[in-house]
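**Student:** Sharing a structure with you now.
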Amino acid sequence: MLMTLTLTALVALTPLQQGDTDTTFAVPNGTRLQLQNMTGDVVIGTWDRHEVRVIAEHSRRTTIEVDLSGSVLRLRPRSSSGMGIGGVTDYRLTIPATMAVDVSGMSANVTITGSRAEVKVGTVSGDIRLTGGVGSINLTTIDGGITVRQAKGRMQLRTASDQIEIEDSEGDINAEAVSGDVRLRRVNGRQIEVQAVSGDVEFEGAIQPNGSYYFGTHSGDMIIAIPENANVMIRASSSMGDFTASFALPASEQASRRRQTFRLGNGSASMEVEVFSGDISLVRPSELRSRNRGEQ
Amino acid sequence: MNTPHDWTERLSSYLDGELAKPEQLDLEAHLETCATCRRALKDLRAIIAVAPEYQGEAPVNDLWPGIAGQIEASRTVAFPTPARIGLRWGWPARMAAAIGLMAIGAGGAWWVLGTARVDLSPEVATVRVPRDPNLMFLAGLAYHAAVADLQRTLDEGRDRLAPETMATIERSLAIIDQAITEAEAALAADPASPDPPNWIAANQRRKLDLLRRAAQAVAASHTES
Amino acid sequence: MTPGPDSNGQEGDGIQPSDDANRPDAVPMSSAALPMLEPGHDVALAAAGDGAAFERLYRLHVPRVQSLARWLLGTTDVDDAVQEVFIRVWQKLHTYSGQAAFSTWLHRVAVNLILRRRQSRAIHRDRFVVADPGMERVAGRTPRPDLRVALEQAVEHLPAGAREVFVLHDMEGYKHDEIGSMLGVDPGTSRSQLHRARRLLRERLEA
């Protein structure tokens, strides 16, 4: 059923079936999606139409509330009594690829594929998987992992437990996990900051001229791939751990067991690698890829 | 055949207790028969004994005026540029303002983060505050108060969160606390090391952030129930 | 460590030991050592913000810190380094727990800071593999008869690498693996430099 929402109005989408909603409606270009879901998974795909399709599985007592005000499309489940958020609602949406997304939930796994717009996801318990995303990308969860692929923009990723993985992405990255590994593979950014409290950190990506790279973990190992011909000043410190390199390094400009500084090439980029308790390994990208392939 | 030089090297190792037992016995047997080495051993022992007792020599120029000047300057509460840790981690400026100036009494630690919005209380104004822009800790009254408030909110609302989520939050907080404890121990062991303050500040900021998000989750679950 | 046979004094004068020479395992009680932290003591007063008390501590400890800086840095930046040490001590005084002697704690702060200054000046490890350049002279003083001060004079003349290791090991009490970390050398290199330093000192003191 195609509905055109042209008024600023609160509309409750009538379930087609008991416990299901499936509806499609047109949205103006530039509309942003704001979806709140306390409990239930959210899966968002994209297309090139200026339409939004909403498929939702929910209890009979729940309706999907739609509010299109100005340039914001708000979706939220409501119990039929008009109060409360309703029970578990699983969403499957198809939205314009250029529609910015803002999803928030308590217990929600969120999967977004094919976005060419800004993405913001905040959940307490749930995994976040993003393929795509352009511009501002802000993903936070407390109990869940974060996976980002083929994103292009400024990424800010936070989780307390579970790991963060970023692959084949471009742009500035700020990623932080309390208890979980953080892995960056085939990334290309000028400013990258990665931090874990208890977890390993792995980086394989471009080192841009005059770029700034920080990798830190309190308790965990660090594996950093340094491309040949990289121009970077590397400052590595490990309070309790070993420092190794699989390739020849120049003499340290700041030689102590805990702190070492190496200038590679013209040293234009700046890289700090800090571990409180754990080892630091510098390797070549091919070695890290071989190692990761072996683990798959 | 051992040359005199070989024995001299061994004498030094012998005095440091670094010779293996067979070598030690070998050396002692040699000492029985070699007056030269016995004299050398005595001399080395004397050197090692007096070395820690060196008196030193005071500087030609009296350095105290310069030191006193810097100490007096540090008594003035200053608001340096925002802590490097804030800039590094993209910490919102409002967080820095909320924490503001902190101080703990004797035996604790002094750190300053500055914004113009923080008021000086009289007791803080009289407290010695180092004006070192490299001090990046979060500690003191405001931090602990914020943590206590957020922890209370979380404790009161824990039933509104899923048990596994609550367990994850508590486990994460414990990991962060452990990291803070280890960094504090490292700082106590080496007060001049620049790294532990960074770790402590980062993890305290992380703890606040996690508690805030957890408290927000509790509030959100309350609103929607 | 089992002590070897003592000299019976009949085999040449050698170096005349000070009274403590026959107690190599004894903890030396230098005049610079201070009692543990206690109320009313200058350390406690200074920690509470008493500048006059801190000046007294400065006057008491600056000779050793000055010499330490000179031995580890050479002739450059010594005054700046010493000032920085005491300013840092003032800033960190509240962290002094009293578990170690104050002089021990102060010297740890000083050594860490001085070595960091060295590193920032990019003093390379190459000095440890350079052929013996002979005894250098760091500073000159009027000779005094006591072994203790004679030793300090002799230390001034050690080659830089040997001097640094001797100062850190025999004077400041660091272990070879710690010295290796601090100076960026193998512990084995530290050991050989120490042996070299002791041999050179003995030769000079006997002369």
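Every chain in the structure tokens has a letter given in the order shown (A, B, ...), and although residue numbers restart at 1 in each chain, ligands are simply numbered from 1 in the order shown.
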At a cut-off of 6 Å, using only C-alpha atoms, what residues contact region 187-189 of chain C? Leave out same-chain residues fewer than 3 positions from it and give the result as an MDAnalysis selection string.

**Tutor:** chainID C and resid 176:177 180 192

**Student:** Kindly save the residues from that selection, with N, CA and C atoms included, as a compact mmCIF listing (two decimals), in the first residue's frame.

**Tutor:**
```txt
# COMPACT_ATOMS: atom_id res chain seq x y z
N HIS C 176 71.60 -3.76 36.26
CA HIS C 176 72.04 -3.69 34.87
C HIS C 176 70.88 -3.72 33.89
N ASP C 177 69.83 -4.48 34.19
CA ASP C 177 68.72 -4.49 33.24
C ASP C 177 67.98 -3.15 33.25
N GLY C 180 70.21 -0.82 31.34
CA GLY C 180 70.06 -1.11 29.91
C GLY C 180 68.85 -0.41 29.34
N SER C 192 79.93 -4.64 31.14
CA SER C 192 81.31 -4.45 30.72
C SER C 192 81.76 -3.01 30.95
```

**Student:** Got a sec: who's within 7 Å of Arg183 (chain A), counting only C-alpha atoms, leaving out chain neighbours fewer than 3 positions off, as an mmCIF file with C-alpha atoms, in the first residue's frame?

**Tutor:**
```cif
data_model
loop_
_atom_site.group_PDB
_atom_site.id
_atom_site.type_symbol
_atom_site.label_atom_id
_atom_site.label_comp_id
_atom_site.auth_asym_id
_atom_site.auth_seq_id
_atom_site.Cartn_x
_atom_site.Cartn_y
_atom_site.Cartn_z
ATOM 1 C CA ILE A 164 35.114 -2.971 16.753
ATOM 2 C CA GLU A 165 35.992 -3.774 13.170
ATOM 3 C CA ILE A 166 36.451 -1.238 10.414
ATOM 4 C CA VAL A 201 44.488 -3.264 18.550
ATOM 5 C CA GLU A 202 45.314 -3.983 14.955
ATOM 6 C CA PHE A 203 45.867 -1.503 12.167
#
```

**Student:** How close does each residue of chain B get to chain C, giving the shortest atom pair and distance in Å to one decimal for every residue with an atom at most 7 Å away, counting only C-alpha atoms, sorted by chain and residue number, as CSV?

**Tutor:**
```
residue,atom,partner,partner_atom,distance
B:Glu9,CA,C:His195,CA,6.0
B:Ser12,CA,C:His195,CA,6.0
B:Gly17,CA,C:Met1,CA,4.9
B:Glu28,CA,C:Gly4,CA,6.3
B:Ala35,CA,C:Glu11,CA,6.4
B:Arg38,CA,C:Ser7,CA,6.2
B:Arg39,CA,C:Gly14,CA,6.3
B:Lys42,CA,C:Ser7,CA,6.4
B:Asp43,CA,C:Ile15,CA,5.3
B:Leu44,CA,C:Arg198,CA,6.8
B:Arg45,CA,C:Ala21,CA,6.5
B:Ala46,CA,C:Ala21,CA,4.8
B:Ile48,CA,C:Asp170,CA,6.1
B:Ala49,CA,C:Ala21,CA,5.1
B:Val50,CA,C:Arg148,CA,5.9
B:Ala51,CA,C:Met171,CA,4.9
B:Pro52,CA,C:Met171,CA,4.1
B:Glu53,CA,C:Ser30,CA,5.2
B:Tyr54,CA,C:Arg148,CA,6.3
B:Gln55,CA,C:Arg64,CA,5.7
B:Gly56,CA,C:Arg64,CA,4.1
B:Glu57,CA,C:Pro63,CA,4.3
B:Ala58,CA,C:Pro63,CA,4.0
B:Pro59,CA,C:Gln66,CA,6.3
B:Leu63,CA,C:Gln83,CA,6.6
B:Ile67,CA,C:Gln83,CA,5.9
B:Ile71,CA,C:Ile87,CA,6.9
B:Ala106,CA,C:His94,CA,6.1
B:Gly107,CA,C:His94,CA,5.0
B:Gly108,CA,C:His94,CA,6.5
B:Pro130,CA,C:Gln91,CA,6.5
B:Ala188,CA,C:Thr95,CA,6.6
B:Pro191,CA,C:Val109,CA,6.6
B:Ala192,CA,C:Val109,CA,5.7
```

**Student:** Near chain B, which residues of chain A fall within 9 Å when you count only C-alpha atoms, and what do they look like as a ChimeraX atom specification?

**Tutor:** /A:38,83-86,105-107,123-125,142-143,160-161,174,178-179,193,197-198,214,218-219,237,239,274,276

**Student:** Once DSSP has gone over the backbone, tell me which residues of region 86-214 of chain A are in strand (DSSP E), as a short mmCIF file (atom, residue, chain, number, x, y, z; two decimals) with C-alpha atoms, in the first residue's frame.

**Tutor:**
```cif
data_model
loop_
_atom_site.label_atom_id
_atom_site.label_comp_id
_atom_site.auth_asym_id
_atom_site.auth_seq_id
_atom_site.Cartn_x
_atom_site.Cartn_y
_atom_site.Cartn_z
CA ASP A 90 11.61 -5.83 14.64
CA TYR A 91 11.98 -3.42 11.76
CA ARG A 92 12.98 -3.96 8.19
CA LEU A 93 13.16 -0.65 6.34
CA THR A 94 14.15 0.33 2.85
CA ILE A 95 15.02 3.96 2.56
CA PRO A 96 16.60 6.31 0.05
CA VAL A 101 19.70 7.82 9.61
CA ASP A 102 19.38 8.21 13.37
CA VAL A 103 18.46 5.00 15.19
CA SER A 104 18.25 4.68 18.94
CA GLY A 105 17.25 1.77 21.06
CA MET A 106 17.78 -0.13 24.24
CA SER A 107 18.06 -3.67 23.12
CA VAL A 110 21.03 -2.58 14.05
CA THR A 111 22.13 -3.42 10.51
CA ILE A 112 22.35 -0.75 7.83
CA THR A 113 23.43 -1.51 4.28
CA GLY A 114 24.08 0.71 1.31
CA SER A 115 23.79 4.08 2.98
CA VAL A 119 24.48 7.49 10.12
CA LYS A 120 23.95 7.71 13.83
CA VAL A 121 23.11 4.65 15.92
CA GLY A 122 22.89 4.49 19.67
CA THR A 123 21.92 1.32 21.45
CA VAL A 124 22.54 -0.08 24.87
CA SER A 125 22.55 -3.74 24.08
CA ILE A 128 25.75 -2.47 15.04
CA ARG A 129 26.66 -3.39 11.48
CA LEU A 130 27.08 -0.69 8.90
CA THR A 131 27.99 -1.08 5.28
CA GLY A 132 28.27 2.31 3.76
CA VAL A 134 29.00 8.98 4.23
CA GLY A 135 29.94 11.99 6.30
CA SER A 136 29.30 11.88 10.02
CA ILE A 137 29.12 8.29 11.29
CA ASN A 138 28.45 7.91 14.98
CA LEU A 139 27.87 4.41 16.36
CA THR A 140 27.65 3.67 20.04
CA ILE A 146 30.47 -2.67 15.92
CA THR A 147 31.32 -3.53 12.33
CA VAL A 148 31.81 -0.91 9.65
CA ARG A 149 32.58 -1.56 6.02
CA LYS A 152 33.51 7.25 3.98
CA GLY A 153 33.52 10.07 6.46
CA ARG A 154 34.23 10.94 10.06
CA MET A 155 33.67 7.87 12.18
CA GLN A 156 33.15 7.85 15.92
CA LEU A 157 32.62 4.38 17.33
CA ARG A 158 32.18 3.37 20.96
CA THR A 159 31.47 0.12 22.69
CA ALA A 160 32.05 -1.12 26.20
CA SER A 161 32.22 -4.79 25.42
CA ILE A 164 35.11 -2.97 16.75
CA GLU A 165 35.99 -3.77 13.17
CA ILE A 166 36.45 -1.24 10.41
CA GLU A 167 37.27 -2.40 6.92
CA ILE A 173 38.33 7.48 12.75
CA ASN A 174 37.90 7.66 16.50
CA ALA A 175 37.20 4.20 17.88
CA GLU A 176 37.12 3.06 21.46
CA ALA A 177 36.34 -0.22 23.19
CA VAL A 178 36.57 -0.99 26.87
CA SER A 179 36.72 -4.74 26.67
CA VAL A 182 39.69 -2.99 17.74
CA ARG A 183 40.70 -3.92 14.21
CA LEU A 184 41.19 -1.57 11.32
CA ARG A 185 41.85 -3.15 7.94
CA ARG A 186 42.42 -1.41 4.64
CA VAL A 187 41.48 1.98 6.01
CA ASN A 188 42.59 5.32 4.71
CA GLY A 189 42.38 8.29 7.02
CA ARG A 190 44.39 11.30 7.96
CA GLN A 191 43.41 11.31 11.66
CA ILE A 192 42.93 8.00 13.35
CA GLU A 193 42.62 7.40 17.07
CA VAL A 194 42.00 3.97 18.46
CA GLN A 195 41.84 3.06 22.10
CA ALA A 196 41.04 -0.03 24.09
CA VAL A 197 41.23 -0.67 27.79
CA SER A 198 41.38 -4.43 27.66
CA VAL A 201 44.49 -3.26 18.55
CA GLU A 202 45.31 -3.98 14.95
CA PHE A 203 45.87 -1.50 12.17
CA GLU A 204 46.44 -1.99 8.48
CA GLY A 205 45.93 1.03 6.33
CA ALA A 206 47.39 4.01 4.58
CA ILE A 207 49.64 6.42 6.40
CA GLN A 208 49.00 9.77 4.85
CA PRO A 209 51.56 12.57 4.74
CA ASN A 210 51.13 14.79 7.78
CA GLY A 211 48.56 12.36 9.14
CA SER A 212 48.06 11.80 12.84
CA TYR A 213 47.68 8.27 14.18
CA TYR A 214 47.22 7.17 17.75
#
```

**Student:** For a quick check of understanding, using only C-alpha atoms, which of A:Asp242, A:Ser71, A:Val232, A:Glu272 has the smallest distance to chain C?

**Tutor:**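 Residue with the minimum atom-to-atom distance to chain C: A:Asp242.
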
**Student:** Show me, as a PyMOL selection string, the residues that have an atom within 8 Å of region 281-292 of chain A when counting only C-alpha atoms, minus same-chain residues fewer than 2 positions from it.

**Tutor:** chain A and resi 204-205+221-228+243-247+279+294-296
